[in-house]
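entry01.cif (mmCIF, C-alpha atoms and all ligand atoms)
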```cif
data_start
#
loop_
_atom_site.label_atom_id
_atom_site.label_comp_id
_atom_site.auth_asym_id
_atom_site.auth_seq_id
_atom_site.Cartn_x
_atom_site.Cartn_y
_atom_site.Cartn_z
CA MET A 1 -139.93 224.37 213.22
CA THR A 2 -136.61 225.18 211.51
CA VAL A 3 -135.31 224.20 208.08
CA ARG A 4 -132.00 222.37 208.57
CA ALA A 5 -129.31 221.47 206.01
CA VAL A 6 -128.74 217.79 206.80
CA VAL A 7 -125.84 215.67 205.51
CA LYS A 8 -127.19 212.89 203.27
CA GLY A 9 -123.96 211.79 201.65
CA VAL A 10 -120.19 212.23 201.84
CA GLY A 11 -117.32 211.23 199.57
CA HIS A 12 -113.74 212.04 198.69
CA TYR A 13 -111.05 211.55 196.10
CA LEU A 14 -107.28 211.53 196.35
CA PRO A 15 -105.03 211.47 193.27
CA GLU A 16 -103.23 208.19 192.70
CA ARG A 17 -99.68 209.48 193.18
CA ILE A 18 -98.53 209.37 196.82
CA VAL A 19 -95.46 211.45 197.62
CA PRO A 20 -93.59 210.49 200.81
CA ASN A 21 -91.36 212.99 202.66
CA ALA A 22 -88.29 211.10 201.44
CA GLU A 23 -88.95 212.36 197.90
CA PHE A 24 -88.25 215.95 199.04
CA GLU A 25 -84.89 214.87 200.50
CA THR A 26 -83.73 214.17 196.94
CA PHE A 27 -83.92 217.81 195.78
CA LEU A 28 -84.21 219.99 198.92
CA ASP A 29 -82.20 220.60 202.10
CA THR A 30 -84.82 218.88 204.26
CA THR A 31 -85.44 215.62 206.10
CA ASP A 32 -88.35 213.29 206.75
CA ASP A 33 -87.68 213.86 210.44
CA TRP A 34 -88.00 217.69 210.17
CA ILE A 35 -91.24 217.50 208.15
CA GLN A 36 -92.82 214.95 210.50
CA SER A 37 -91.76 216.63 213.72
CA ARG A 38 -92.70 220.20 212.64
CA SER A 39 -95.96 219.38 210.79
CA GLY A 40 -97.02 215.75 211.38
CA ILE A 41 -97.03 215.11 207.63
CA LYS A 42 -95.69 211.82 206.22
CA ASN A 43 -97.31 211.64 202.78
CA ARG A 44 -99.39 213.77 200.45
CA HIS A 45 -101.07 213.09 197.08
CA PHE A 46 -100.23 215.03 193.92
CA ALA A 47 -102.53 215.25 190.90
CA ALA A 48 -101.27 213.70 187.65
CA GLU A 49 -100.30 215.86 184.72
CA GLY A 50 -103.51 217.13 183.13
CA GLU A 51 -105.63 216.18 186.16
CA THR A 52 -107.44 219.34 187.29
CA THR A 53 -109.26 220.54 190.39
CA SER A 54 -112.66 219.96 188.75
CA ASP A 55 -111.63 216.37 187.94
CA LEU A 56 -110.86 215.76 191.62
CA ALA A 57 -114.07 217.55 192.63
CA THR A 58 -116.15 215.47 190.20
CA HIS A 59 -114.83 212.19 191.65
CA ALA A 60 -115.63 213.38 195.19
CA ALA A 61 -119.07 214.67 194.11
CA ASN A 62 -119.95 211.35 192.47
CA ALA A 63 -118.87 209.47 195.61
CA ALA A 64 -121.04 211.75 197.81
CA LEU A 65 -124.01 211.38 195.43
CA ALA A 66 -123.65 207.57 195.48
CA ASP A 67 -123.48 207.65 199.29
CA ALA A 68 -126.72 209.69 199.32
CA GLY A 69 -128.38 207.42 196.73
CA LEU A 70 -128.90 210.42 194.44
CA GLN A 71 -128.06 211.43 190.85
CA GLY A 72 -126.46 214.65 189.64
CA SER A 73 -129.84 215.77 188.29
CA ASP A 74 -131.30 215.70 191.84
CA ILE A 75 -129.10 218.63 192.93
CA ASP A 76 -130.33 222.27 193.03
CA ALA A 77 -127.01 224.00 193.73
CA ILE A 78 -123.29 223.20 193.64
CA VAL A 79 -120.96 225.26 195.84
CA LEU A 80 -117.27 224.53 195.25
CA ALA A 81 -114.59 225.91 197.55
CA THR A 82 -111.24 226.24 195.80
CA SER A 83 -108.28 228.59 195.37
CA THR A 84 -106.87 226.52 192.50
CA ALA A 85 -109.63 226.68 189.87
CA ASP A 86 -108.99 224.97 186.50
CA LEU A 87 -109.42 228.22 184.56
CA THR A 88 -109.90 231.89 185.34
CA PHE A 89 -113.48 231.30 184.25
CA PRO A 90 -115.92 229.61 184.04
CA SER A 91 -116.09 228.42 187.63
CA SER A 92 -114.83 224.92 188.31
CA ALA A 93 -118.26 224.31 189.86
CA THR A 94 -119.90 224.63 186.43
CA LYS A 95 -117.43 222.05 185.08
CA VAL A 96 -118.48 219.70 187.87
CA GLN A 97 -122.13 220.48 187.13
CA HIS A 98 -121.67 219.35 183.54
CA ALA A 99 -119.63 216.29 184.52
CA ILE A 100 -122.29 215.00 186.94
CA GLY A 101 -125.08 215.55 184.41
CA ASN A 102 -126.83 218.43 186.14
CA THR A 103 -128.67 220.92 183.91
CA ASN A 104 -131.41 222.21 186.18
CA GLY A 105 -129.36 223.63 189.07
CA TYR A 106 -126.83 226.44 189.49
CA ALA A 107 -123.15 226.23 190.35
CA PHE A 108 -120.49 228.63 191.58
CA ASP A 109 -117.05 228.72 193.25
CA ILE A 110 -116.15 230.21 196.62
CA GLN A 111 -112.64 231.32 197.50
CA ALA A 112 -111.59 231.64 201.12
CA VAL A 113 -108.37 229.62 200.77
CA CYS A 114 -107.91 227.07 203.61
CA ALA A 115 -111.11 228.31 205.29
CA GLY A 116 -112.96 227.82 201.99
CA PHE A 117 -114.93 224.75 203.00
CA VAL A 118 -116.28 226.38 206.16
CA PHE A 119 -117.38 229.39 204.07
CA ALA A 120 -118.91 227.11 201.39
CA LEU A 121 -120.76 225.03 203.98
CA SER A 122 -122.12 228.20 205.56
CA ASN A 123 -123.30 229.45 202.15
CA ALA A 124 -124.86 226.09 201.26
CA ASN A 125 -126.67 226.13 204.61
CA ALA A 126 -127.94 229.66 203.90
CA LEU A 127 -129.29 228.58 200.49
CA ILE A 128 -131.21 225.76 202.13
CA ALA A 129 -132.40 227.78 205.15
CA SER A 130 -133.68 230.57 202.88
CA GLY A 131 -135.53 228.16 200.58
CA GLN A 132 -133.32 228.88 197.53
CA ALA A 133 -132.29 225.23 197.27
CA GLU A 134 -133.40 221.88 198.69
CA ARG A 135 -130.37 219.79 197.83
CA VAL A 136 -126.88 221.26 197.68
CA LEU A 137 -123.60 219.64 196.77
CA VAL A 138 -120.84 221.37 198.72
CA ILE A 139 -117.31 220.52 197.65
CA GLY A 140 -113.76 221.41 198.66
CA ALA A 141 -111.18 220.63 195.97
CA GLU A 142 -107.60 221.77 195.42
CA THR A 143 -104.48 221.19 193.39
CA PHE A 144 -102.02 223.16 195.53
CA SER A 145 -99.14 221.25 193.93
CA ARG A 146 -99.63 223.64 190.97
CA ILE A 147 -98.72 226.74 193.04
CA MET A 148 -95.72 225.42 194.97
CA ASP A 149 -92.28 226.97 194.68
CA TRP A 150 -90.23 223.76 194.62
CA THR A 151 -87.15 225.65 195.82
CA ASP A 152 -88.90 226.89 199.01
CA ARG A 153 -88.52 224.12 201.60
CA SER A 154 -90.60 226.05 204.14
CA THR A 155 -93.80 225.68 202.07
CA CYS A 156 -93.59 223.02 199.34
CA VAL A 157 -93.31 220.09 201.76
CA LEU A 158 -96.57 221.00 203.47
CA PHE A 159 -99.30 220.91 200.82
CA GLY A 160 -101.18 218.23 198.88
CA ASP A 161 -104.03 217.74 196.39
CA GLY A 162 -107.46 216.22 196.97
CA ALA A 163 -111.20 216.73 197.16
CA GLY A 164 -114.13 216.00 199.44
CA ALA A 165 -117.86 216.58 199.07
CA LEU A 166 -121.11 216.57 201.04
CA VAL A 167 -124.70 216.32 199.85
CA LEU A 168 -126.94 218.48 202.03
CA GLU A 169 -130.73 218.24 201.99
CA ALA A 170 -133.45 220.39 203.58
CA GLU A 171 -135.18 218.74 206.52
CA THR A 172 -137.52 220.20 209.10
CA GLY A 173 -136.06 220.22 212.59
CA ALA A 174 -137.45 221.21 215.98
CA GLY A 175 -135.14 224.22 216.14
CA THR A 176 -133.01 222.82 218.97
CA SER A 177 -129.38 221.71 219.11
CA ALA A 178 -130.65 218.11 219.06
CA ASP A 179 -131.62 218.56 215.36
CA ARG A 180 -129.51 216.95 212.66
CA GLY A 181 -127.85 219.36 210.21
CA VAL A 182 -125.94 222.63 210.36
CA LEU A 183 -126.64 224.22 213.75
CA SER A 184 -124.30 227.19 214.00
CA VAL A 185 -121.74 229.16 211.99
CA ASP A 186 -119.01 231.68 212.82
CA LEU A 187 -117.12 233.34 209.94
CA ASN A 188 -114.31 235.92 210.12
CA SER A 189 -111.64 237.59 208.02
CA ASP A 190 -109.04 240.29 208.55
CA GLY A 191 -107.41 241.66 205.40
CA SER A 192 -104.75 243.49 207.39
CA HIS A 193 -103.02 240.07 207.56
CA ARG A 194 -103.25 239.45 203.78
CA ASN A 195 -99.44 239.40 203.40
CA LEU A 196 -98.91 236.46 205.77
CA LEU A 197 -100.16 233.86 203.29
CA TYR A 198 -100.74 234.64 199.61
CA VAL A 199 -99.94 233.72 196.02
CA ASP A 200 -97.65 236.20 194.27
CA GLY A 201 -99.51 236.05 190.97
CA GLY A 202 -102.96 236.19 189.44
CA VAL A 203 -105.02 237.27 186.45
CA SER A 204 -104.35 240.98 186.90
CA THR A 205 -100.62 240.42 187.26
CA GLN A 206 -100.61 238.02 184.27
CA SER A 207 -99.04 235.06 186.04
CA THR A 208 -100.01 232.04 188.10
CA GLY A 209 -97.64 232.77 190.95
CA HIS A 210 -96.45 230.71 193.90
CA LEU A 211 -97.64 230.32 197.45
CA ARG A 212 -95.77 232.48 199.98
CA MET A 213 -96.20 232.08 203.72
CA GLU A 214 -94.85 233.52 206.95
CA GLY A 215 -95.27 230.14 208.63
CA GLN A 216 -94.55 231.15 212.22
CA GLU A 217 -96.94 234.11 212.09
CA VAL A 218 -99.74 232.07 210.51
CA PHE A 219 -99.10 229.41 213.17
CA ARG A 220 -99.48 232.04 215.91
CA HIS A 221 -102.80 233.30 214.48
CA ALA A 222 -104.07 229.74 213.97
CA VAL A 223 -103.43 228.74 217.56
CA GLU A 224 -105.17 231.88 218.81
CA LYS A 225 -108.14 232.06 216.42
CA LEU A 226 -109.23 228.45 215.82
CA ALA A 227 -110.29 227.60 219.37
CA GLN A 228 -111.88 231.05 219.61
CA THR A 229 -114.08 230.58 216.51
CA ALA A 230 -115.08 227.05 217.54
CA HIS A 231 -116.05 228.31 221.02
CA THR A 232 -118.06 231.15 219.47
CA ALA A 233 -119.99 228.81 217.16
CA LEU A 234 -120.73 226.40 220.04
CA ASN A 235 -121.70 229.19 222.45
CA LYS A 236 -124.20 230.61 219.95
CA ILE A 237 -126.35 227.50 220.46
CA GLY A 238 -125.65 227.02 224.14
CA LEU A 239 -123.22 224.11 223.73
CA GLY A 240 -119.72 223.54 225.06
CA ALA A 241 -116.72 221.29 224.55
CA GLY A 242 -118.32 218.51 226.59
CA ASP A 243 -121.10 218.20 223.99
CA VAL A 244 -118.69 217.66 221.09
CA ASP A 245 -118.32 214.13 219.68
CA TRP A 246 -115.78 215.04 216.99
CA VAL A 247 -113.64 218.03 216.15
CA VAL A 248 -112.95 217.93 212.41
CA PRO A 249 -110.24 220.56 211.95
CA HIS A 250 -108.51 221.96 208.89
CA GLN A 251 -105.46 219.71 208.50
CA ALA A 252 -102.47 222.05 208.25
CA ASN A 253 -100.22 220.95 211.08
CA ILE A 254 -100.61 218.36 213.87
CA ARG A 255 -99.16 220.86 216.36
CA ILE A 256 -101.93 223.37 215.52
CA ILE A 257 -104.57 220.62 215.70
CA LYS A 258 -103.34 219.46 219.13
CA SER A 259 -103.01 222.93 220.54
CA THR A 260 -106.53 223.90 219.35
CA ALA A 261 -108.00 220.72 220.84
CA ARG A 262 -106.28 221.47 224.15
CA LYS A 263 -107.59 225.04 224.17
CA LEU A 264 -111.08 223.81 223.28
CA GLY A 265 -110.94 221.23 226.06
CA VAL A 266 -111.53 218.28 223.72
CA PRO A 267 -109.21 215.23 224.04
CA MET A 268 -107.31 214.08 220.93
CA ASP A 269 -109.30 210.82 220.78
CA ARG A 270 -112.26 212.99 219.72
CA VAL A 271 -110.36 214.75 216.91
CA VAL A 272 -110.33 213.41 213.32
CA VAL A 273 -106.73 213.57 212.07
CA THR A 274 -105.70 212.93 208.46
CA VAL A 275 -102.80 215.37 208.10
CA GLU A 276 -100.18 212.59 208.19
CA ASN A 277 -101.47 211.12 204.92
CA HIS A 278 -102.98 214.12 203.09
CA GLY A 279 -100.75 217.07 204.03
CA ASN A 280 -102.48 220.44 203.85
CA THR A 281 -105.09 220.23 201.09
CA SER A 282 -106.50 223.70 201.85
CA ALA A 283 -110.29 223.85 201.22
CA ALA A 284 -110.40 220.08 200.64
CA SER A 285 -109.02 219.10 204.04
CA ILE A 286 -112.24 219.24 206.11
CA PRO A 287 -114.52 217.35 203.67
CA LEU A 288 -111.70 214.82 203.17
CA ALA A 289 -111.49 214.37 206.95
CA LEU A 290 -115.29 214.07 207.21
CA SER A 291 -115.32 211.35 204.56
CA VAL A 292 -112.33 209.46 205.96
CA GLY A 293 -113.69 209.88 209.51
CA LYS A 294 -116.96 208.27 208.47
CA GLU A 295 -115.12 205.50 206.58
CA ARG A 296 -113.02 204.73 209.68
CA GLY A 297 -116.20 204.40 211.75
CA GLN A 298 -115.38 207.46 213.85
CA ILE A 299 -118.24 209.74 212.70
CA LYS A 300 -121.75 208.31 213.16
CA GLN A 301 -125.24 209.64 212.58
CA GLY A 302 -126.33 211.90 215.44
CA ASP A 303 -122.76 212.90 216.43
CA LEU A 304 -122.10 216.59 217.17
CA LEU A 305 -119.24 217.84 214.97
CA VAL A 306 -117.22 221.05 215.10
CA THR A 307 -115.22 222.03 212.03
CA GLU A 308 -112.72 224.88 212.18
CA ALA A 309 -110.27 226.35 209.65
CA ILE A 310 -107.96 229.29 208.99
CA GLY A 311 -106.06 230.39 205.91
CA GLY A 312 -105.03 233.20 203.59
CA GLY A 313 -106.80 236.49 204.10
CA LEU A 314 -106.59 235.80 206.91
CA ALA A 315 -110.00 234.14 206.79
CA TRP A 316 -111.20 231.75 209.48
CA GLY A 317 -114.35 230.21 210.85
CA SER A 318 -116.22 227.30 212.32
CA VAL A 319 -119.38 225.32 211.57
CA VAL A 320 -121.15 223.18 214.16
CA LEU A 321 -123.32 220.41 212.74
CA ARG A 322 -125.04 217.27 213.89
CA TRP A 323 -124.21 214.42 211.49
O1 LIG B 401 -103.45 226.12 205.87
C1 LIG B 401 -103.25 227.47 206.04
C2 LIG B 401 -102.67 227.74 207.33
N1 LIG B 401 -101.28 227.34 207.35
C3 LIG B 401 -100.76 226.93 208.46
O2 LIG B 401 -101.48 226.79 209.42
C4 LIG B 401 -99.29 226.72 208.56
C5 LIG B 401 -98.80 227.39 209.80
N2 LIG B 401 -97.37 227.24 210.06
C6 LIG B 401 -96.78 226.06 210.32
O3 LIG B 401 -97.41 225.03 210.30
C7 LIG B 401 -95.33 226.07 210.75
O4 LIG B 401 -94.94 227.39 211.03
C8 LIG B 401 -94.36 225.46 209.71
C9 LIG B 401 -94.60 223.95 209.62
C10 LIG B 401 -94.60 226.12 208.37
C11 LIG B 401 -92.92 225.69 210.13
O5 LIG B 401 -92.69 225.19 211.44
P1 LIG B 401 -91.94 226.09 212.52
O6 LIG B 401 -91.79 225.29 213.73
O7 LIG B 401 -92.71 227.38 212.65
O8 LIG B 401 -90.53 226.30 211.87
P2 LIG B 401 -89.81 227.66 211.49
O9 LIG B 401 -90.49 228.31 210.35
O10 LIG B 401 -89.61 228.46 212.74
O11 LIG B 401 -88.41 227.12 211.02
C12 LIG B 401 -87.49 226.53 211.92
C13 LIG B 401 -86.23 226.19 211.18
C14 LIG B 401 -85.68 227.35 210.36
O12 LIG B 401 -84.27 227.30 210.43
P3 LIG B 401 -83.45 228.28 211.41
O13 LIG B 401 -83.83 229.68 210.98
O14 LIG B 401 -83.97 227.95 212.79
O15 LIG B 401 -82.05 227.91 211.16
C15 LIG B 401 -86.11 227.04 208.95
O16 LIG B 401 -85.24 227.59 207.98
O17 LIG B 401 -86.50 225.15 210.24
C16 LIG B 401 -86.02 225.53 208.94
N3 LIG B 401 -86.84 224.91 207.93
C17 LIG B 401 -86.64 223.67 207.49
N4 LIG B 401 -85.67 222.75 207.77
C18 LIG B 401 -85.75 221.56 207.16
C19 LIG B 401 -87.96 225.41 207.31
N5 LIG B 401 -88.45 224.49 206.46
C20 LIG B 401 -87.65 223.41 206.56
C21 LIG B 401 -87.66 222.14 205.94
N6 LIG B 401 -86.69 221.27 206.28
N7 LIG B 401 -88.60 221.77 205.04
#
```
In structure tokens, what does this structure look like?
Ligand code: UT7
Amino acid sequence: MTVRAVVKGVGHYLPERIVPNAEFETFLDTTDDWIQSRSGIKNRHFAAEGETTSDLATHAANAALADAGLQGSDIDAIVLATSTADLTFPSSATKVQHAIGNTNGYAFDIQAVCAGFVFALSNANALIASGQAERVLVIGAETFSRIMDWTDRSTCVLFGDGAGALVLEAETGAGTSADRGVLSVDLNSDGSHRNLLYVDGGVSTQSTGHLRMEGQEVFRHAVEKLAQTAHTALNKIGLGAGDVDWVVPHQANIRIIKSTARKLGVPMDRVVVTVENHGNTSAASIPLALSVGKERGQIKQGDLLVTEAIGGGLAWGSVVLRW
């Protein structure tokens, strides 16, 4: 018998304001055609003035709780993946904790940039597997619009704001890959590549800073490492591409998503794609895609899912779970 972290609820939130590519044409030397053909992005959502990451996260958390038929007070732990926290401290997770009316659990943030949700899901799974929590809310939420350099056409057209959340609950499984819940995890980072994707500010440098990216280099690493980590996570439990019902990738670029699917040996009709409407929402992109994928009727109970992501650090990883 094995304790499994099983998905009981999923939800997401996107800020009201939708920004089409055409809006960037008004103040940058760019075109809708370039953005779509190089990234697959058509629209992204931007948070309203005063709307913070924890606001987005709270909406997504409440949606996931409603989907699970639970209240905030039923949750033992809240793990929030974000690189765009409301404040330096306290954690945005504690703000969500208060907003959902939870006083008995514990809450903390995790920061692994675009790979943040995979790291948070792995941590939430570990809390459940080790008996430190029975019900965990795991959230990815970002307001990357706050760290864009609006004069840098090579980055500011790519990112968006949003949030997604899962409710995980401990369930006893048989210990086989037929169990529901998180089945396998592969996490990696390599700080020697820290200068490929970073924000040039922070608490210690007394500024907020802007996102900086060597796009082509990150692209090269993504194409190499994403299929690799997904294969590793699947191989750990004796599964292969043929067993996968849905790949739910980090949504940075349709070309990366397609190339990873090809390398994995999974056809595109088994890949959940939301990048055209969300842009790159960093740690929020996978839970957003899980929620939208379920809403579209793509993801169903019992399906085998592979999530994979890479971002600043570089940090990358994959989680295999049965929905
Ligand atoms: O989520 C974290 C992980 N992040 C990623 O996975 C992002 C990885 N990188 C990428 O997705 C792609 O590298 C980009 C979408 C960022 C860029 O696509 P690319 O095919 O690698 O383009 P490029 O950087 O090689 O640029 C090609 C050309 C350049 O012009 P020249 O030097 O060929 O004259 C750029 O200056 O496109 C130019 N360019 C643009 N043109 C119009 C760059 N940005 C723009 C723009 N509009 N917005």
- Message: Which residues are close to Arg135 in chain A, i.e. within 6 Å by only C-alpha atoms, leaving aside same-chain residues fewer than 5 positions away? Reply as an NGL selection string.
- Response: :A and (75-76 or 168-169)
- Query: So, counting all atoms listed in the file, which residue among A:Arg180, A:Lys95, A:His250, A:Arg38 is closest to Thr58 in chain A?
  - Reply: A:Lys95
- Query: Can you tell me which residues sit at most 8 Å away from ligand LIG 401 (chain B), counting only C-alpha atoms and all ligand atoms, written as JSON, numbers by chain?
  - Reply: {"A": [28, 29, 30, 31, 34, 35, 38, 39, 113, 114, 115, 152, 153, 154, 155, 156, 157, 158, 197, 213, 214, 215, 216, 217, 218, 219, 220, 222, 250, 251, 252, 253, 255, 256, 280, 281, 282, 309, 310, 311, 312]}
- CA of Asp245 in chain A sits from CA of Trp323 in chain A at a separation of 10.1 Å
- Message: One decimal, in Å: what's the spacing between CA of Ser145 in chain A and CA of Arg44 in chain A?
- Response: 9.9 Å
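Checking A:Val10, A:Ala48, A:Phe24, A:Ala107 one by one against Ala68 in chain A, counting only C-alpha atoms, you find the shortest gap at A:Val10.
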- Proximity to Arg212 in chain A - best of A:Tyr198, A:Trp246, A:Phe46, A:Phe144, all atoms listed in the file: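 Among the listed residues, the smallest separation from Arg212 in chain A belongs to A:Tyr198.
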Box time for range 313-316 of chain A: axis-aligned, enclosing all its listed atoms, 4 Å extra on each side; report centre and edge lengths in Å to one decimal, as lines of an AutoDock Vina configuration file.
```
center_x = -108.9
center_y = 234.1
center_z = 206.8
size_x = 12.6
size_y = 12.7
size_z = 13.4
```
- A:Arg4, A:His278, A:Arg262, A:His98 ranked by distance to Glu142 in chain A, top pick (using all atoms listed in the file):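 For Glu142 in chain A, the nearest of the given residues is A:His278.
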Could you complete range 188-210 of chain A so that it carries N, CA and C atoms, and give it back as a PDB file, keeping the file's coordinate frame?
```pdb
ATOM      1  N   ASN A 188    -115.117 234.714 209.868  1.00  0.00           N
ATOM      2  CA  ASN A 188    -114.310 235.920 210.120  1.00  0.00           C
ATOM      3  C   ASN A 188    -113.269 236.093 209.020  1.00  0.00           C
ATOM      4  N   SER A 189    -112.857 237.355 208.804  1.00  0.00           N
ATOM      5  CA  SER A 189    -111.640 237.590 208.020  1.00  0.00           C
ATOM      6  C   SER A 189    -111.039 238.915 208.448  1.00  0.00           C
ATOM      7  N   ASP A 190    -109.743 239.055 208.204  1.00  0.00           N
ATOM      8  CA  ASP A 190    -109.040 240.290 208.550  1.00  0.00           C
ATOM      9  C   ASP A 190    -107.961 240.534 207.504  1.00  0.00           C
ATOM     10  N   GLY A 191    -108.301 241.399 206.531  1.00  0.00           N
ATOM     11  CA  GLY A 191    -107.410 241.660 205.400  1.00  0.00           C
ATOM     12  C   GLY A 191    -106.127 242.375 205.774  1.00  0.00           C
ATOM     13  N   SER A 192    -106.020 242.853 207.004  1.00  0.00           N
ATOM     14  CA  SER A 192    -104.750 243.490 207.390  1.00  0.00           C
ATOM     15  C   SER A 192    -103.628 242.438 207.475  1.00  0.00           C
ATOM     16  N   HIS A 193    -104.029 241.152 207.509  1.00  0.00           N
ATOM     17  CA  HIS A 193    -103.020 240.070 207.560  1.00  0.00           C
ATOM     18  C   HIS A 193    -102.837 239.396 206.200  1.00  0.00           C
ATOM     19  N   ARG A 194    -103.261 240.080 205.122  1.00  0.00           N
ATOM     20  CA  ARG A 194    -103.250 239.450 203.780  1.00  0.00           C
ATOM     21  C   ARG A 194    -101.858 239.059 203.313  1.00  0.00           C
ATOM     22  N   ASN A 195    -100.804 239.701 203.861  1.00  0.00           N
ATOM     23  CA  ASN A 195     -99.440 239.400 203.400  1.00  0.00           C
ATOM     24  C   ASN A 195     -98.782 238.218 204.118  1.00  0.00           C
ATOM     25  N   LEU A 196     -99.490 237.594 205.036  1.00  0.00           N
ATOM     26  CA  LEU A 196     -98.910 236.460 205.770  1.00  0.00           C
ATOM     27  C   LEU A 196     -98.977 235.163 204.964  1.00  0.00           C
ATOM     28  N   LEU A 197     -99.953 235.087 204.059  1.00  0.00           N
ATOM     29  CA  LEU A 197    -100.160 233.860 203.290  1.00  0.00           C
ATOM     30  C   LEU A 197    -100.873 234.262 202.007  1.00  0.00           C
ATOM     31  N   TYR A 198    -100.163 234.154 200.865  1.00  0.00           N
ATOM     32  CA  TYR A 198    -100.740 234.640 199.610  1.00  0.00           C
ATOM     33  C   TYR A 198    -100.033 233.964 198.438  1.00  0.00           C
ATOM     34  N   VAL A 199    -100.591 234.164 197.248  1.00  0.00           N
ATOM     35  CA  VAL A 199     -99.940 233.720 196.020  1.00  0.00           C
ATOM     36  C   VAL A 199     -99.487 234.968 195.275  1.00  0.00           C
ATOM     37  N   ASP A 200     -98.214 234.975 194.873  1.00  0.00           N
ATOM     38  CA  ASP A 200     -97.650 236.200 194.270  1.00  0.00           C
ATOM     39  C   ASP A 200     -97.914 236.279 192.767  1.00  0.00           C
ATOM     40  N   GLY A 201     -99.124 235.940 192.369  1.00  0.00           N
ATOM     41  CA  GLY A 201     -99.510 236.050 190.970  1.00  0.00           C
ATOM     42  C   GLY A 201    -101.020 235.971 190.857  1.00  0.00           C
ATOM     43  N   GLY A 202    -101.524 236.234 189.653  1.00  0.00           N
ATOM     44  CA  GLY A 202    -102.960 236.190 189.440  1.00  0.00           C
ATOM     45  C   GLY A 202    -103.299 236.784 188.097  1.00  0.00           C
ATOM     46  N   VAL A 203    -104.589 236.826 187.770  1.00  0.00           N
ATOM     47  CA  VAL A 203    -105.020 237.270 186.450  1.00  0.00           C
ATOM     48  C   VAL A 203    -104.506 238.681 186.170  1.00  0.00           C
ATOM     49  N   SER A 204    -104.691 239.577 187.118  1.00  0.00           N
ATOM     50  CA  SER A 204    -104.350 240.980 186.900  1.00  0.00           C
ATOM     51  C   SER A 204    -102.848 241.209 186.795  1.00  0.00           C
ATOM     52  N   THR A 205    -102.066 240.289 187.360  1.00  0.00           N
ATOM     53  CA  THR A 205    -100.620 240.420 187.260  1.00  0.00           C
ATOM     54  C   THR A 205    -100.060 239.495 186.172  1.00  0.00           C
ATOM     55  N   GLN A 206    -100.967 238.839 185.435  1.00  0.00           N
ATOM     56  CA  GLN A 206    -100.610 238.020 184.270  1.00  0.00           C
ATOM     57  C   GLN A 206     -99.626 236.904 184.579  1.00  0.00           C
ATOM     58  N   SER A 207     -99.872 236.226 185.717  1.00  0.00           N
ATOM     59  CA  SER A 207     -99.040 235.060 186.040  1.00  0.00           C
ATOM     60  C   SER A 207     -99.844 234.147 186.961  1.00  0.00           C
ATOM     61  N   THR A 208     -99.326 232.946 187.164  1.00  0.00           N
ATOM     62  CA  THR A 208    -100.010 232.040 188.100  1.00  0.00           C
ATOM     63  C   THR A 208     -99.515 232.293 189.511  1.00  0.00           C
ATOM     64  N   GLY A 209     -98.210 232.470 189.644  1.00  0.00           N
ATOM     65  CA  GLY A 209     -97.640 232.770 190.950  1.00  0.00           C
ATOM     66  C   GLY A 209     -97.405 231.534 191.801  1.00  0.00           C
ATOM     67  N   HIS A 210     -96.747 231.783 192.937  1.00  0.00           N
ATOM     68  CA  HIS A 210     -96.450 230.710 193.900  1.00  0.00           C
ATOM     69  C   HIS A 210     -96.920 231.096 195.286  1.00  0.00           C
TER      70      HIS A 210
END
```
